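Colleague: Pasting model-v4.txt below, which is compact mmCIF, C-alpha atoms and all ligand atoms.
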```
# COMPACT_ATOMS: atom_id res chain seq x y z
CA MET Y 1 -32.06 -2.39 19.55
CA SER Y 2 -32.02 0.95 21.38
CA MET Y 3 -29.98 3.73 19.78
CA PHE Y 4 -27.78 3.68 22.86
CA LYS Y 5 -27.04 -0.04 22.43
CA LEU Y 6 -26.39 0.37 18.72
CA LYS Y 7 -23.97 3.22 19.31
CA ALA Y 8 -22.12 1.07 21.87
CA LEU Y 9 -22.00 -1.86 19.42
CA LEU Y 10 -20.56 0.26 16.60
CA ASP Y 11 -18.03 1.88 18.92
CA ARG Y 12 -16.90 -1.53 20.13
CA ILE Y 13 -16.44 -2.76 16.57
CA TYR Y 14 -14.58 0.40 15.58
CA GLU Y 15 -12.26 0.40 18.54
CA SER Y 16 -11.37 -3.25 18.90
CA GLU Y 17 -8.27 -4.55 17.20
CA LEU Y 18 -10.17 -7.75 16.45
CA PRO Y 19 -13.90 -7.46 17.00
CA ASP Y 20 -16.03 -10.10 18.57
CA LEU Y 21 -17.67 -12.36 15.99
CA ASN Y 22 -21.02 -12.00 17.75
CA ASP Y 23 -20.80 -8.22 17.54
CA LEU Y 24 -20.19 -8.41 13.81
CA GLU Y 25 -23.00 -10.92 13.32
CA GLN Y 26 -25.34 -8.70 15.27
CA ALA Y 27 -24.43 -5.71 13.11
CA LEU Y 28 -24.91 -7.81 9.96
CA SER Y 29 -28.41 -8.72 11.11
CA LEU Y 30 -29.62 -5.13 11.57
CA LYS Y 31 -32.93 -4.72 9.71
CA ASN Y 32 -34.67 -1.61 10.89
CA GLN Y 33 -34.08 1.36 8.56
CA VAL Y 34 -33.16 3.75 11.38
CA GLU Y 35 -30.52 1.29 12.60
CA LEU Y 36 -29.21 0.77 9.09
CA ASP Y 37 -28.95 4.51 8.55
CA LYS Y 38 -26.91 4.76 11.73
CA LEU Y 39 -24.51 2.01 10.60
CA PHE Y 40 -24.16 3.50 7.11
CA SER Y 41 -23.54 7.03 8.32
CA PHE Y 42 -20.96 5.77 10.82
CA ALA Y 43 -19.13 4.00 7.97
CA ASP Y 44 -19.46 7.09 5.79
CA SER Y 45 -17.79 9.23 8.45
CA VAL Y 46 -14.92 6.71 8.77
CA ARG Y 47 -14.54 6.83 4.98
CA LYS Y 48 -14.45 10.63 5.08
CA GLU Y 49 -11.87 10.75 7.86
CA PHE Y 50 -9.48 8.12 6.44
CA CYS Y 51 -10.01 8.38 2.67
CA GLY Y 52 -11.39 11.87 2.09
CA ASP Y 53 -14.09 12.81 -0.41
CA GLY Y 54 -12.39 11.64 -3.59
CA ILE Y 55 -14.07 8.93 -5.64
CA ILE Y 56 -11.27 7.05 -7.31
CA LEU Y 57 -11.58 5.59 -10.82
CA ARG Y 58 -10.11 2.27 -11.93
CA GLY Y 59 -10.74 1.43 -15.58
CA ILE Y 60 -11.18 -2.26 -16.27
CA ILE Y 61 -10.38 -4.13 -19.48
CA GLU Y 62 -11.56 -7.75 -19.56
CA PHE Y 63 -9.08 -9.02 -22.11
CA SER Y 64 -9.92 -12.74 -22.14
CA ASN Y 65 -12.81 -14.94 -21.01
CA PHE Y 66 -10.96 -18.24 -21.27
CA CYS Y 67 -11.00 -20.07 -17.97
CA ASP Y 68 -9.92 -23.49 -16.80
CA LYS Y 69 -11.72 -23.31 -13.48
CA GLU Y 70 -15.21 -24.50 -12.59
CA CYS Y 71 -16.36 -22.07 -9.91
CA PHE Y 72 -20.01 -22.95 -9.27
CA TYR Y 73 -21.14 -19.32 -9.30
CA CYS Y 74 -19.33 -18.09 -12.38
CA GLY Y 75 -20.56 -17.87 -15.96
CA LEU Y 76 -17.03 -18.19 -17.36
CA ASN Y 77 -16.61 -21.68 -15.86
CA LYS Y 78 -14.97 -24.05 -18.30
CA ASN Y 79 -18.05 -26.28 -18.53
CA ASN Y 80 -20.05 -23.47 -20.08
CA ARG Y 81 -19.77 -24.57 -23.68
CA LYS Y 82 -22.38 -22.07 -24.84
CA LEU Y 83 -20.05 -19.16 -24.34
CA SER Y 84 -17.79 -18.19 -27.21
CA ARG Y 85 -14.35 -17.52 -25.89
CA TYR Y 86 -12.09 -14.61 -26.86
CA ARG Y 87 -8.68 -13.27 -26.11
CA MET Y 88 -7.98 -9.71 -27.21
CA ASN Y 89 -4.78 -9.35 -29.19
CA GLN Y 90 -2.03 -6.95 -28.34
CA GLU Y 91 -3.20 -4.30 -30.77
CA GLU Y 92 -6.80 -4.35 -29.51
CA LEU Y 93 -5.62 -4.23 -25.94
CA ILE Y 94 -3.26 -1.30 -26.43
CA LYS Y 95 -5.97 0.57 -28.33
CA SER Y 96 -8.35 0.19 -25.37
CA VAL Y 97 -5.63 1.27 -22.96
CA LYS Y 98 -5.00 4.34 -25.10
CA TYR Y 99 -8.66 5.27 -24.98
CA LEU Y 100 -8.79 4.72 -21.21
CA ALA Y 101 -5.77 6.98 -20.71
CA SER Y 102 -7.39 9.66 -22.90
CA CYS Y 103 -10.35 9.69 -20.47
CA ASN Y 104 -7.97 10.77 -17.73
CA VAL Y 105 -8.27 7.46 -15.88
CA LYS Y 106 -4.91 6.62 -14.27
CA THR Y 107 -5.32 2.93 -13.43
CA VAL Y 108 -5.92 0.11 -15.86
CA VAL Y 109 -7.14 -3.18 -14.41
CA LEU Y 110 -6.32 -6.05 -16.78
CA GLN Y 111 -8.68 -8.89 -15.96
CA SER Y 112 -9.31 -12.33 -17.44
CA GLY Y 113 -10.54 -15.77 -16.47
CA GLU Y 114 -8.03 -18.09 -14.83
CA ASP Y 115 -6.33 -19.35 -17.92
CA GLN Y 116 -3.08 -21.28 -17.60
CA ALA Y 117 -2.67 -20.96 -21.35
CA LEU Y 118 -2.22 -17.24 -20.87
CA ASP Y 119 1.43 -16.73 -21.72
CA ALA Y 120 3.20 -14.94 -18.86
CA LEU Y 121 5.70 -13.35 -21.21
CA TRP Y 122 2.97 -12.10 -23.54
CA LEU Y 123 1.35 -10.33 -20.60
CA ALA Y 124 4.74 -9.10 -19.35
CA ASP Y 125 5.32 -7.51 -22.73
CA ILE Y 126 1.91 -5.79 -22.64
CA ILE Y 127 2.67 -4.47 -19.15
CA SER Y 128 6.05 -3.08 -20.27
CA GLN Y 129 4.46 -1.42 -23.28
CA ILE Y 130 1.74 0.18 -21.17
CA LYS Y 131 4.26 1.44 -18.63
CA SER Y 132 6.55 2.90 -21.28
CA ARG Y 133 3.88 4.52 -23.44
CA PHE Y 134 1.36 5.74 -20.83
CA ASP Y 135 1.52 7.27 -17.40
CA LEU Y 136 -0.68 4.54 -15.94
CA VAL Y 137 -0.82 2.30 -12.90
CA VAL Y 138 -1.29 -1.35 -13.88
CA THR Y 139 -3.45 -3.68 -11.82
CA LEU Y 140 -3.64 -7.36 -12.75
CA SER Y 141 -6.53 -9.70 -12.03
CA VAL Y 142 -5.79 -12.98 -13.74
CA GLY Y 143 -6.05 -15.46 -10.89
CA GLU Y 144 -3.72 -17.98 -9.31
CA ARG Y 145 -0.32 -18.22 -10.98
CA SER Y 146 3.19 -19.27 -10.01
CA MET Y 147 5.45 -17.06 -7.92
CA GLN Y 148 7.66 -16.88 -11.01
CA ASP Y 149 4.88 -15.36 -13.14
CA TYR Y 150 3.93 -12.90 -10.42
CA ARG Y 151 7.58 -11.88 -10.19
CA VAL Y 152 8.01 -11.43 -13.95
CA TRP Y 153 4.92 -9.23 -14.12
CA LYS Y 154 6.06 -7.18 -11.13
CA GLU Y 155 9.44 -6.68 -12.75
CA SER Y 156 7.71 -5.60 -15.96
CA GLY Y 157 6.03 -2.82 -14.02
CA ALA Y 158 2.73 -4.18 -12.66
CA ASP Y 159 1.76 -2.32 -9.50
CA ARG Y 160 -1.29 -4.00 -8.02
CA TYR Y 161 -3.04 -7.36 -8.03
CA LEU Y 162 -6.62 -8.37 -7.30
CA LEU Y 163 -7.33 -11.91 -6.13
CA LYS Y 164 -10.57 -12.36 -4.28
CA ILE Y 165 -10.73 -15.05 -1.63
CA GLU Y 166 -14.48 -15.19 -2.47
CA THR Y 167 -15.15 -16.75 0.94
CA SER Y 168 -12.69 -17.11 3.82
CA ASP Y 169 -14.37 -20.33 5.00
CA LYS Y 170 -12.30 -23.26 3.82
CA ASP Y 171 -15.18 -25.75 3.69
CA LEU Y 172 -17.55 -23.37 1.94
CA TYR Y 173 -14.74 -22.50 -0.47
CA SER Y 174 -14.08 -26.18 -1.27
CA SER Y 175 -17.79 -26.83 -1.80
CA MET Y 176 -17.93 -24.50 -4.82
CA HIS Y 177 -14.40 -24.63 -6.22
CA PRO Y 178 -13.69 -28.12 -7.56
CA GLN Y 179 -10.02 -28.81 -8.20
CA MET Y 180 -9.02 -25.71 -6.27
CA ASP Y 181 -7.15 -25.46 -3.02
CA PHE Y 182 -8.03 -22.80 -0.47
CA ASN Y 183 -4.51 -22.83 0.96
CA GLN Y 184 -3.02 -22.24 -2.44
CA ARG Y 185 -5.15 -19.13 -2.80
CA LEU Y 186 -3.87 -17.90 0.56
CA ASP Y 187 -0.32 -18.63 -0.57
CA CYS Y 188 -0.88 -16.58 -3.72
CA LEU Y 189 -2.12 -13.61 -1.69
CA ASP Y 190 0.90 -13.94 0.53
CA ALA Y 191 3.33 -14.16 -2.40
CA LEU Y 192 1.81 -11.07 -4.04
CA GLY Y 193 2.28 -9.06 -0.86
CA LYS Y 194 5.88 -10.24 -0.50
CA LEU Y 195 6.65 -9.25 -4.07
CA GLY Y 196 5.58 -5.70 -3.30
CA TYR Y 197 2.24 -5.58 -5.08
CA GLN Y 198 -0.56 -3.54 -3.60
CA VAL Y 199 -2.96 -6.40 -2.97
CA GLY Y 200 -6.71 -6.55 -3.24
CA THR Y 201 -9.04 -9.31 -2.16
CA GLY Y 202 -12.76 -9.59 -1.49
CA ASN Y 203 -15.79 -11.81 -1.23
CA ILE Y 204 -19.22 -12.57 -2.68
CA ILE Y 205 -22.32 -11.97 -0.57
CA GLY Y 206 -25.18 -14.45 -0.73
CA LEU Y 207 -23.35 -17.55 -1.94
CA PRO Y 208 -25.48 -20.68 -1.45
CA GLY Y 209 -24.73 -22.10 1.99
CA GLN Y 210 -23.08 -18.94 3.28
CA SER Y 211 -24.05 -17.85 6.81
CA LEU Y 212 -23.82 -14.47 8.52
CA LYS Y 213 -21.02 -15.96 10.59
CA ASN Y 214 -19.12 -16.75 7.38
CA ILE Y 215 -19.45 -13.12 6.31
CA ALA Y 216 -18.40 -11.88 9.75
CA LYS Y 217 -15.28 -14.05 9.43
CA ASP Y 218 -14.62 -12.64 5.95
CA ILE Y 219 -14.61 -9.15 7.44
CA ILE Y 220 -12.12 -10.27 10.08
CA PHE Y 221 -10.01 -11.86 7.32
CA PHE Y 222 -9.95 -8.49 5.51
CA LYS Y 223 -8.87 -6.73 8.68
CA GLN Y 224 -6.17 -9.24 9.60
CA GLY Y 225 -4.69 -9.30 6.09
CA ASP Y 226 -4.30 -5.51 6.03
CA PHE Y 227 -5.24 -5.54 2.34
CA ASP Y 228 -4.90 -2.42 0.22
CA MET Y 229 -8.16 -3.05 -1.65
CA ILE Y 230 -11.31 -5.01 -0.84
CA GLY Y 231 -14.05 -5.77 -3.36
CA ILE Y 232 -17.43 -6.87 -2.00
CA GLY Y 233 -20.29 -7.75 -4.34
CA PRO Y 234 -23.59 -9.63 -4.27
CA PHE Y 235 -23.95 -13.09 -5.81
CA ILE Y 236 -25.91 -13.01 -9.07
CA PRO Y 237 -26.89 -16.46 -10.36
CA HIS Y 238 -25.83 -17.35 -13.89
CA GLY Y 239 -28.03 -19.71 -15.92
CA ASP Y 240 -25.08 -21.66 -17.30
CA SER Y 241 -23.37 -22.32 -14.01
CA GLN Y 242 -23.80 -24.92 -11.29
CA PHE Y 243 -25.61 -22.33 -9.16
CA SER Y 244 -28.19 -21.53 -11.81
CA GLY Y 245 -31.56 -21.11 -10.12
CA GLU Y 246 -30.10 -20.21 -6.73
CA LYS Y 247 -31.24 -17.07 -4.91
CA LYS Y 248 -29.36 -13.88 -5.62
CA GLY Y 249 -27.42 -12.03 -2.94
CA ASP Y 250 -29.15 -9.36 -0.88
CA ALA Y 251 -28.26 -5.73 -1.65
CA THR Y 252 -28.69 -4.54 1.94
CA LEU Y 253 -26.52 -7.33 3.32
CA THR Y 254 -23.85 -6.36 0.78
CA LEU Y 255 -24.07 -2.73 1.91
CA LYS Y 256 -23.82 -3.78 5.56
CA THR Y 257 -20.69 -5.80 4.75
CA ILE Y 258 -19.15 -2.81 2.94
CA ALA Y 259 -19.97 -0.56 5.90
CA LEU Y 260 -18.46 -2.91 8.51
CA THR Y 261 -15.39 -3.52 6.36
CA ARG Y 262 -14.88 0.24 6.13
CA ILE Y 263 -15.32 0.68 9.87
CA LEU Y 264 -12.76 -2.02 10.63
CA THR Y 265 -10.16 -1.46 7.93
CA ARG Y 266 -10.34 2.34 8.00
CA ASN Y 267 -8.43 3.22 4.83
CA ALA Y 268 -8.61 0.27 2.44
CA HIS Y 269 -9.79 1.15 -1.06
CA ILE Y 270 -13.29 -0.29 -1.39
CA PRO Y 271 -15.12 -0.18 -4.74
CA ALA Y 272 -18.83 0.12 -5.30
CA THR Y 273 -18.63 -2.99 -7.46
CA THR Y 274 -20.24 -3.56 -10.84
CA ALA Y 275 -22.15 -6.50 -9.32
CA LEU Y 276 -23.66 -4.07 -6.81
CA GLY Y 277 -24.77 -2.00 -9.79
CA SER Y 278 -26.33 -5.00 -11.53
CA LEU Y 279 -29.17 -6.03 -9.18
CA ASP Y 280 -32.80 -4.84 -9.54
CA LYS Y 281 -31.43 -1.30 -9.43
CA ASP Y 282 -28.02 0.31 -9.40
CA TYR Y 283 -26.88 0.23 -5.76
CA ARG Y 284 -23.47 1.70 -6.46
CA LEU Y 285 -24.54 5.11 -5.14
CA ASP Y 286 -25.69 3.47 -1.92
CA GLY Y 287 -22.31 1.73 -1.72
CA LEU Y 288 -20.53 5.07 -2.04
CA LYS Y 289 -22.67 6.38 0.82
CA CYS Y 290 -21.76 3.59 3.25
CA GLY Y 291 -18.02 3.27 2.94
CA ALA Y 292 -17.02 2.71 -0.70
CA ASN Y 293 -14.60 5.16 -2.35
CA VAL Y 294 -13.85 3.61 -5.76
CA LEU Y 295 -15.71 3.13 -9.06
CA MET Y 296 -14.59 0.81 -11.83
CA PRO Y 297 -15.79 1.98 -15.26
CA ASN Y 298 -15.61 -0.68 -17.94
CA PHE Y 299 -13.34 -0.13 -20.96
CA THR Y 300 -13.71 -3.55 -22.56
CA PRO Y 301 -14.68 -2.94 -26.20
CA PRO Y 302 -18.40 -3.78 -26.70
CA PRO Y 303 -18.10 -6.89 -28.88
CA PHE Y 304 -16.02 -8.57 -26.19
CA ARG Y 305 -17.84 -7.07 -23.26
CA LYS Y 306 -21.01 -9.05 -23.99
CA LEU Y 307 -18.97 -12.23 -23.77
CA TYR Y 308 -17.46 -11.46 -20.38
CA GLN Y 309 -20.56 -12.73 -18.63
CA ILE Y 310 -19.42 -13.62 -15.15
CA TYR Y 311 -23.06 -13.08 -14.15
CA PRO Y 312 -26.10 -11.95 -16.16
CA GLY Y 313 -27.51 -8.43 -16.32
CA LYS Y 314 -24.10 -6.87 -15.87
CA ARG Y 315 -24.42 -3.11 -15.78
CA CYS Y 316 -23.29 -1.22 -18.90
CA VAL Y 317 -22.96 -4.27 -21.15
CA ASP Y 318 -24.93 -2.59 -23.89
CA GLU Y 319 -23.60 0.87 -23.35
CA SER Y 320 -20.65 2.45 -25.04
CA VAL Y 321 -17.22 2.34 -23.51
CA GLY Y 322 -15.90 4.59 -20.83
CA VAL Y 323 -16.69 6.90 -18.02
CA CYS Y 324 -19.32 9.17 -19.53
CA ASN Y 325 -22.32 6.86 -19.15
CA PHE Y 326 -22.29 6.78 -15.42
CA CYS Y 327 -21.90 10.57 -15.46
CA MET Y 328 -19.15 10.27 -12.94
CA ASP Y 329 -18.84 13.95 -12.11
CA GLY Y 330 -22.61 14.31 -11.72
CA VAL Y 331 -22.72 11.35 -9.35
CA ALA Y 332 -19.88 12.75 -7.29
CA LYS Y 333 -21.49 16.18 -7.08
CA SER Y 334 -24.81 14.73 -6.01
CA LEU Y 335 -22.96 13.17 -3.08
CA GLY Y 336 -21.05 16.35 -2.26
CA ARG Y 337 -17.85 14.57 -3.32
CA PHE Y 338 -15.49 14.77 -6.32
CA ILE Y 339 -13.89 12.43 -8.83
CA ASP Y 340 -10.26 11.85 -7.98
CA TYR Y 341 -8.36 11.65 -11.27
CA SER Y 342 -5.03 10.86 -9.59
CA LYS Y 343 -3.28 7.49 -9.44
CA ALA Y 344 -4.58 7.14 -5.90
CA HIS Y 345 -2.19 4.51 -4.63
CA SER Y 346 -2.86 2.57 -1.45
CA PHE Y 347 -3.40 4.59 1.71
CA LYS Y 348 -1.72 1.84 3.68
CA GLN Y 349 1.79 2.41 4.98
CA LYS Y 350 4.24 1.28 2.32
CA LYS Y 351 5.14 -2.21 3.31
CA GLU Y 352 8.71 -3.46 3.35
CA ILE Y 353 9.39 -4.90 -0.06
CA SER Y 354 11.23 -8.13 0.48
CA HIS Y 355 13.12 -9.60 -2.42
CA VAL Y 356 11.95 -13.12 -2.88
N1 LIG I 1 -22.08 -13.15 -8.99
C1 LIG I 1 -21.33 -12.16 -8.43
N2 LIG I 1 -20.01 -12.07 -8.52
C2 LIG I 1 -19.38 -13.03 -9.20
N3 LIG I 1 -18.07 -13.21 -9.47
C3 LIG I 1 -17.95 -14.33 -10.20
N4 LIG I 1 -19.15 -14.88 -10.42
C4 LIG I 1 -20.06 -14.10 -9.81
C5 LIG I 1 -21.47 -14.14 -9.68
N5 LIG I 1 -22.21 -15.10 -10.24
C6 LIG I 1 -17.02 -12.32 -9.00
C7 LIG I 1 -15.93 -13.07 -8.28
C8 LIG I 1 -14.71 -12.82 -9.11
C9 LIG I 1 -15.04 -11.51 -9.78
C10 LIG I 1 -14.26 -11.23 -11.01
O1 LIG I 1 -16.40 -11.65 -10.07
O2 LIG I 1 -15.76 -12.49 -7.00
O3 LIG I 1 -13.54 -12.73 -8.35
FE1 LIG I 2 -13.03 -18.87 -14.01
FE2 LIG I 2 -15.08 -17.58 -13.22
S1 LIG I 2 -14.81 -19.75 -13.22
S2 LIG I 2 -13.26 -16.71 -14.04
```
Just give me the structure of the file as structure tokens.

Modeller:
Amino acid sequence: MSMFKLKALLDRIYESELPDLNDLEQALSLKNQVELDKLFSFADSVRKEFCGDGIILRGIIEFSNFCDKECFYCGLNKNNRKLSRYRMNQEELIKSVKYLASCNVKTVVLQSGEDQALDALWLADIISQIKSRFDLVVTLSVGERSMQDYRVWKESGADRYLLKIETSDKDLYSSMHPQMDFNQRLDCLDALGKLGYQVGTGNIIGLPGQSLKNIAKDIIFFKQGDFDMIGIGPFIPHGDSQFSGEKKGDATLTLKTIALTRILTRNAHIPATTALGSLDKDYRLDGLKCGANVLMPNFTPPPFRKLYQIYPGKRCVDESVGVCNFCMDGVAKSLGRFIDYSKAHSFKQKKEISHV
């Protein structure tokens, strides 16, 4: 494609309220390095204009790997009997939160498998304790639950919720999520927004059977949903999952998806995901250079961390806890940016909080 044509394509995508699917597919198929550089630097300039130069930190604690779902891509699927399951107790959890807060990280992401046995009131109590003892923002990532549970957690002080759609294509979704209902996932996202959570979603790049058109539609889904946060990571096959032996997701395609999502959504918070850091090399820096503005250091204590194997080769599994390993400040400086140690709430206009 001529540089002139490419510039026109990117401008069209940037300026349209809802871009043409073909335009997005064309941008997702760019191969030539000069073209890719153009796309990535365009996205980087949108990131700079709408999000600034701060790299935001969200500390994650994976407090339980119990799961009753059977997602074909995921190592925590309930049919994986080889995995020993854990649930951190309250004391262990609070200790990790304390350490995270001492590292000057202002958001704790509490993540687990989708585990209906997880007691909503137990988690509500943890949230209240965190909010009363620490000056922290609480993000939850524990899957599909009832409106009632979401409400209890919100009332206990939870601020944000991550629930990835994984793929916005209903048929593709059904093909790898037995016993799950795509519409129910949409309903959950909707309920979370109505309850006043800052809401994050996202997808996986390179799922078996996924086309470029599927990814283009995901990007449109992100734009239409006006989400506060969007996590995009490559598929990494897990040996004890249905998709064992499948091809892993492509790093460049993941970066292209991040770039186009940035260009379209302008100011959503987009992490350079751990999965992006867990391929043949650590592509998180590349992610930060093509639209991402968030890093998620892992604060799960090491004995548990090894067991939270969503996919193999997860970055930092053998390293000690916290922010120091990734040399956050050094990374930021090398990019001419800085680490933002604030709470860094959503850049989106505060939505009306309806009381449901
Ligand atoms: N490869 C990459 N990402 C995965 N996830 C789950 N399994 C895999 C995998 N094999 C992602 C999902 C989930 C998040 C916690 O991890 O998007 O929402
Ligand atoms: Fe449940 Fe992955 S299958 S968290």

Colleague: Pick out the closest residue to ligand LIG 1 (chain I) from this set: Y:Phe72, Y:Trp153, Y:Phe222, Y:Tyr14. Count all atoms listed in the file.

Modeller: Y:Phe72

Colleague: Find the spatial neighbours of segment 121-127 of chain Y, counting all atoms listed in the file, within a cut-off of 12 Å - ignore same-chain residues fewer than 5 positions away - and output them as a ChimeraX atom specification.

Modeller: /Y:63-64,87-95,97,108-112,132-142,148-160

Colleague: Box for ligand LIG 1 (chain I): with edges along x, y and z, all listed atoms inside and 3 Å added on each side, what are the centre and edge lengths in Å to one decimal, as AutoDock Vina command-line options?

Modeller:
```
--center_x -17.9 --center_y -13.2 --center_z -9.0 --size_x 14.7 --size_y 9.9 --size_z 10.0
```

Colleague: Around ligand LIG 1 (chain I), which protein and nucleic acid residues have at least one atom no more than 9 Å from it, if we count only C-alpha atoms and all ligand atoms? List them as a count of residues only.

Modeller: 43

Colleague: Within 6 Å of segment 209-219 of chain Y, counting only C-alpha atoms, which residues show up once you throw out same-chain ones fewer than 4 positions away? Write them as a ChimeraX atom specification, please.

Modeller: /Y:24-25,168,261

Colleague: May I have the protein, DNA and RNA residues with any atom at most 12 Å from the point (-10.4, -22.3, -2.7), counting only C-alpha atoms, written as a ChimeraX atom specification?

Modeller: /Y:69-72,143-144,163-188,203

Colleague: So how many Å separate atom CA of Asn104 of chain Y and atom CA of Phe50 of chain Y, to one decimal?

Modeller: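 Distance between the two atoms: 24.4 Å.
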
Colleague: Counting only C-alpha atoms, which of Y:Leu57, Y:Leu335, Y:Cys51, Y:Leu189 gets nearest to Ala268 of chain Y?

Modeller: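 Using only C-alpha atoms, the shortest distance to Ala268 of chain Y belongs to Y:Cys51.
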
Colleague: Go through Y:Leu9, Y:Ala27, Y:Val199, Y:Ala272 one by one, measure the shortest atom-to-atom distance of each to Val294 of chain Y using all atoms listed in the file, and give the residue with the smallest value.

Modeller: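 With all atoms listed in the file as the atom set, the closest residue is Y:Ala272.
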
Colleague: Between Y:Asp68, Y:Asp119, Y:Asp11, Y:Asp20, which residue has the minimum interatomic distance to ligand LIG 2 (chain I), considering only C-alpha atoms and all ligand atoms?

Modeller: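 Looking only at the distances to ligand LIG 2 (chain I), the closest residue turns out to be Y:Asp68.
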
Colleague: State, in Å with one decimal place, the distance from atom CA of Leu100 of chain Y to atom CA of Lys194 of chain Y.

Modeller: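 Straight-line distance from atom CA of Leu100 of chain Y to atom CA of Lys194 of chain Y works out to 29.5 Å.
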
Colleague: Would you compute the distance between atom CA of His345 of chain Y and atom CA of Ala292 of chain Y? Give it in Å to one decimal.

Modeller: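 Calculated distance between atom CA of His345 of chain Y and atom CA of Ala292 of chain Y is 15.4 Å.
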
Colleague: Give me the residues within 8 Å of Arg262 of chain Y as a list in words, counting only C-alpha atoms and dropping any in the same chain fewer than 4 places off.

Modeller: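 These residues fall inside the cut-off: Ala43, Val46, Arg47, Ile258, Arg266, Asn267, Ala268, Ile270, Gly291 and Ala292 of chain Y.
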
Colleague: Using only C-alpha atoms, which of the listed residues (Y:Thr254, Y:Thr107, Y:Gln198, Y:Asn293) sits closest to Pro271 of chain Y?

Modeller: Y:Asn293

Colleague: In file coordinates, which residues lie within 6 Å of (-11.5, -3.2, -16.6) using only C-alpha atoms, given as JSON, numbers by chain?

Modeller: {"Y": [59, 60, 61, 62, 109, 110, 298, 299]}

Colleague: Measuring between only C-alpha atoms and all ligand atoms, which one of Y:Lys78, Y:Lys281, Y:Lys38, Y:Arg85 shows the shortest distance to ligand LIG 2 (chain I)?

Modeller: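 Ranking Y:Lys78, Y:Lys281, Y:Lys38, Y:Arg85 by distance to ligand LIG 2 (chain I), first place goes to Y:Lys78.
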
Colleague: Which neighbours of Gln224 of chain Y fall inside 10 Å, counting all atoms listed in the file, when residues of the same chain fewer than 2 positions from it are skipped, and could you give them as a tab-separated table (two decimals) with C-alpha atoms, keeping the file's coordinate frame?

Modeller:
```tsv
chain	number	residue	atom	x	y	z
Y	17	GLU	CA	-8.27	-4.55	17.20
Y	18	LEU	CA	-10.17	-7.75	16.45
Y	218	ASP	CA	-14.62	-12.64	5.95
Y	219	ILE	CA	-14.61	-9.15	7.44
Y	220	ILE	CA	-12.12	-10.27	10.08
Y	221	PHE	CA	-10.01	-11.86	7.32
Y	222	PHE	CA	-9.95	-8.49	5.51
Y	226	ASP	CA	-4.30	-5.51	6.03
Y	227	PHE	CA	-5.24	-5.54	2.34
Y	264	LEU	CA	-12.76	-2.02	10.63
Y	265	THR	CA	-10.16	-1.46	7.93
```
